[in-house]
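See below for the structure under consideration.
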Amino acid sequence: MTIPSPLVLSDPAELGLSPARLSKAASLMDDHEASGATPAAVLLVARRGRPAFAHAVGDARPGGPALGIEHVFPIASQGKPMVSAVILALAERGLIGINEPAAHFLPELAEDHGGVLIAHLLTHTSGWHSDDHDAAQSKKLDESIASIPDGADPLSHIILSPGWGVARRFEPSERMQYCSWNYEALGEIIRRTTGDTVDAALRRFVFDPCGMESSAMIVGEDLLSRVIERPSGIPFGPDHADSPISLNDPMWRASDSASSGVHSTAGDLVRFGQMILDDGMVGDQRVLSSAAVKTMTTNRIPGVPADLFGPLVPEGSWSFGFGVRGHNSFTKYGGGISSPSILSHGGMGGTVSWIDPSTGVVAAYIELATEMDETSFCRSWIGHKVEAVVTSAVLDD
């Protein structure tokens, strides 16, 4: 099926969703915004390929206009599944091998990283730890800025270049440790394989075929008027002490960063999720092969312990791109009453989308979070609660 553009909402009851329970999600968002916990939030729920419910609260930027379903958000790490889809599209065309050493494409990697495969980068099982890469970026910031090559994206270079010599804490496949540098490395593999930007590859292999007309990594003039702006003082907004860069910054909007540079709308997030739910199809057009989608919907690291900015869990349950809910939930990252088959990914600042193959629900929830802890997890965020309420609205699963 194809999520229409512009969005046309169906009657939730016709799709086996309780309007009364969905209204509870709206009330939860209303109360959250009224309490001052967020200046803006948006939710879109679809089932069986048809949008059924949308709700937005707050303003798209300080002073208005009111936030709407059409507004564009920097979704940060939530773009990682889309980057994974590009990698799989390249594998389908024989341009890369998922089980090839990353060093075949990235000779800058030290010799002792030869065992790190592209598959390890996709599943965060390379052995690198995010703390070590963050420390390297901070230590070499001035050097990275001074060495930006002509024509290169500054933000991607600043993230990627300090990481070549960072030591791994674990052997490949020994531990899942969520580390965004893995995806910066994948982005560089995409550039070198295609001879173009990650943005161009996303448009070719994902955005255009999925009908994601309001998505971009490098944001053009056509989208700028719809991009939201964070108020001053909140995480990843201007003048926030613990945020190294504001997501409002023009450098962010021009970034080609594969780990965090995508901008999108709730509608486009649902379009991407629906493509995955429909086994790689959008209408009568195939975007990804059924085999590629299976690798994006199946736990690829059974039995591997995992660390996702919190206590170690016995099994990571991660696919080539998504978290697979499984039975070992990470703190606050899931709704608690949802199916273990749910696929999801979030992004810093308060964004998440999820796909529930057991019920046919695809949803996106984005809020501008106002509090974060030392791991950049947004404590004020209520995405897990919204997911639980939406799940409870399914009447005929």
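Every chain in the structure tokens has a letter given in the order shown (A, B, ...), and although residue numbers restart at 1 in each chain, ligands are simply numbered from 1 in the order shown.
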
Who sits within 8 Å of range 286-288 of chain A, only C-alpha atoms, same chain under 2 positions skipped, as a list in words:
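The contact residues come out as Ala85, Leu88, Ala89, Phe205, Val206, Pro209, Cys210, Met275, Asp279, Gly280, Met281, Val282, Asp284, Ser290, Ala292 and Val293 of chain A.
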
Given the selection you just returned, output its residues as a file containing N, CA and C atoms, formatted as an mmCIF file, in the first residue's frame.
data_model
loop_
_atom_site.group_PDB
_atom_site.id
_atom_site.type_symbol
_atom_site.label_atom_id
_atom_site.label_comp_id
_atom_site.auth_asym_id
_atom_site.auth_seq_id
_atom_site.Cartn_x
_atom_site.Cartn_y
_atom_site.Cartn_z
ATOM 1 N N ALA A 85 19.071 0.996 4.867
ATOM 2 C CA ALA A 85 18.384 0.611 3.633
ATOM 3 C C ALA A 85 19.247 0.916 2.410
ATOM 4 N N LEU A 88 21.902 -1.776 2.137
ATOM 5 C CA LEU A 88 21.338 -3.011 1.609
ATOM 6 C C LEU A 88 21.019 -2.875 0.118
ATOM 7 N N ALA A 89 20.592 -1.695 -0.315
ATOM 8 C CA ALA A 89 20.358 -1.468 -1.745
ATOM 9 C C ALA A 89 21.660 -1.615 -2.531
ATOM 10 N N PHE A 205 17.694 5.889 -3.415
ATOM 11 C CA PHE A 205 17.308 4.538 -3.013
ATOM 12 C C PHE A 205 16.151 4.489 -2.017
ATOM 13 N N VAL A 206 15.873 5.599 -1.317
ATOM 14 C CA VAL A 206 14.854 5.569 -0.261
ATOM 15 C C VAL A 206 13.801 6.658 -0.446
ATOM 16 N N PRO A 209 11.760 6.714 -4.118
ATOM 17 C CA PRO A 209 10.864 5.575 -4.347
ATOM 18 C C PRO A 209 9.788 5.391 -3.276
ATOM 19 N N CYS A 210 10.032 5.891 -2.064
ATOM 20 C CA CYS A 210 9.027 5.777 -1.004
ATOM 21 C C CYS A 210 8.044 6.944 -0.997
ATOM 22 N N MET A 275 6.741 0.959 3.973
ATOM 23 C CA MET A 275 7.508 0.219 2.976
ATOM 24 C C MET A 275 8.121 -1.028 3.597
ATOM 25 N N ASP A 279 7.018 -5.356 2.985
ATOM 26 C CA ASP A 279 8.042 -6.240 2.429
ATOM 27 C C ASP A 279 8.822 -5.586 1.290
ATOM 28 N N GLY A 280 9.073 -4.274 1.444
ATOM 29 C CA GLY A 280 9.909 -3.584 0.479
ATOM 30 C C GLY A 280 9.162 -2.957 -0.683
ATOM 31 N N MET A 281 7.835 -3.035 -0.673
ATOM 32 C CA MET A 281 7.037 -2.512 -1.776
ATOM 33 C C MET A 281 6.396 -1.172 -1.410
ATOM 34 N N VAL A 282 6.274 -0.292 -2.405
ATOM 35 C CA VAL A 282 5.454 0.913 -2.314
ATOM 36 C C VAL A 282 4.538 0.891 -3.522
ATOM 37 N N ASP A 284 3.048 -0.650 -6.505
ATOM 38 C CA ASP A 284 3.545 -1.755 -7.335
ATOM 39 C C ASP A 284 5.043 -1.643 -7.613
ATOM 40 N N SER A 290 12.729 -8.567 -0.833
ATOM 41 C CA SER A 290 12.168 -9.226 0.341
ATOM 42 C C SER A 290 13.289 -9.715 1.263
ATOM 43 N N ALA A 292 16.270 -8.356 1.655
ATOM 44 C CA ALA A 292 16.845 -7.221 2.373
ATOM 45 C C ALA A 292 15.951 -6.794 3.529
ATOM 46 N N VAL A 293 14.640 -6.764 3.284
ATOM 47 C CA VAL A 293 13.712 -6.380 4.347
ATOM 48 C C VAL A 293 13.780 -7.374 5.500
#

Please identify all polymer residues within 10 Å of Leu395 in chain A, counting only C-alpha atoms, omitting same-chain residues fewer than 5 positions from it, and present them as a ChimeraX atom specification.
/A:13,15-18,359

Dump of C-alpha atoms for the selected residues, as a compact mmCIF listing (two decimals), in the first residue's frame:
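Result written to out-v4.txt:
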# COMPACT_ATOMS: atom_id res chain seq x y z
CA ALA A 13 -12.86 2.51 13.62
CA LEU A 15 -9.24 0.10 10.64
CA GLY A 16 -9.93 -1.63 13.94
CA LEU A 17 -8.64 1.22 16.09
CA SER A 18 -10.53 2.69 19.02
CA THR A 359 -1.02 -5.48 14.21

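CA of Leu95 in chain A sits 26.4 Å away from CA of Glu213 in chain A.
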
Out of A:Thr194, A:Thr125, A:Ser5, A:Ser317, which residue has the shortest atom-to-atom distance to Gln177 in chain A when counting only C-alpha atoms?
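With only C-alpha atoms as the atom set, the closest residue is A:Thr125.
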
May I ask for the distance between CA of Ala363 in chain A and CA of Met212 in chain A, given in Å to one decimal place?
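Computing it gives 15.2 Å between the two atoms.
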
Here is a test: counting only C-alpha atoms, which residue of A:Met296, A:Val390, A:Leu106, A:Ala40 is nearest to Ala20 in chain A?
A:Val390

What does the structure give for the distance between CA of Lys140 in chain A and CA of Ala110 in chain A, in Å to one decimal?
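CA of Ala110 in chain A lies 17.4 Å from CA of Lys140 in chain A.
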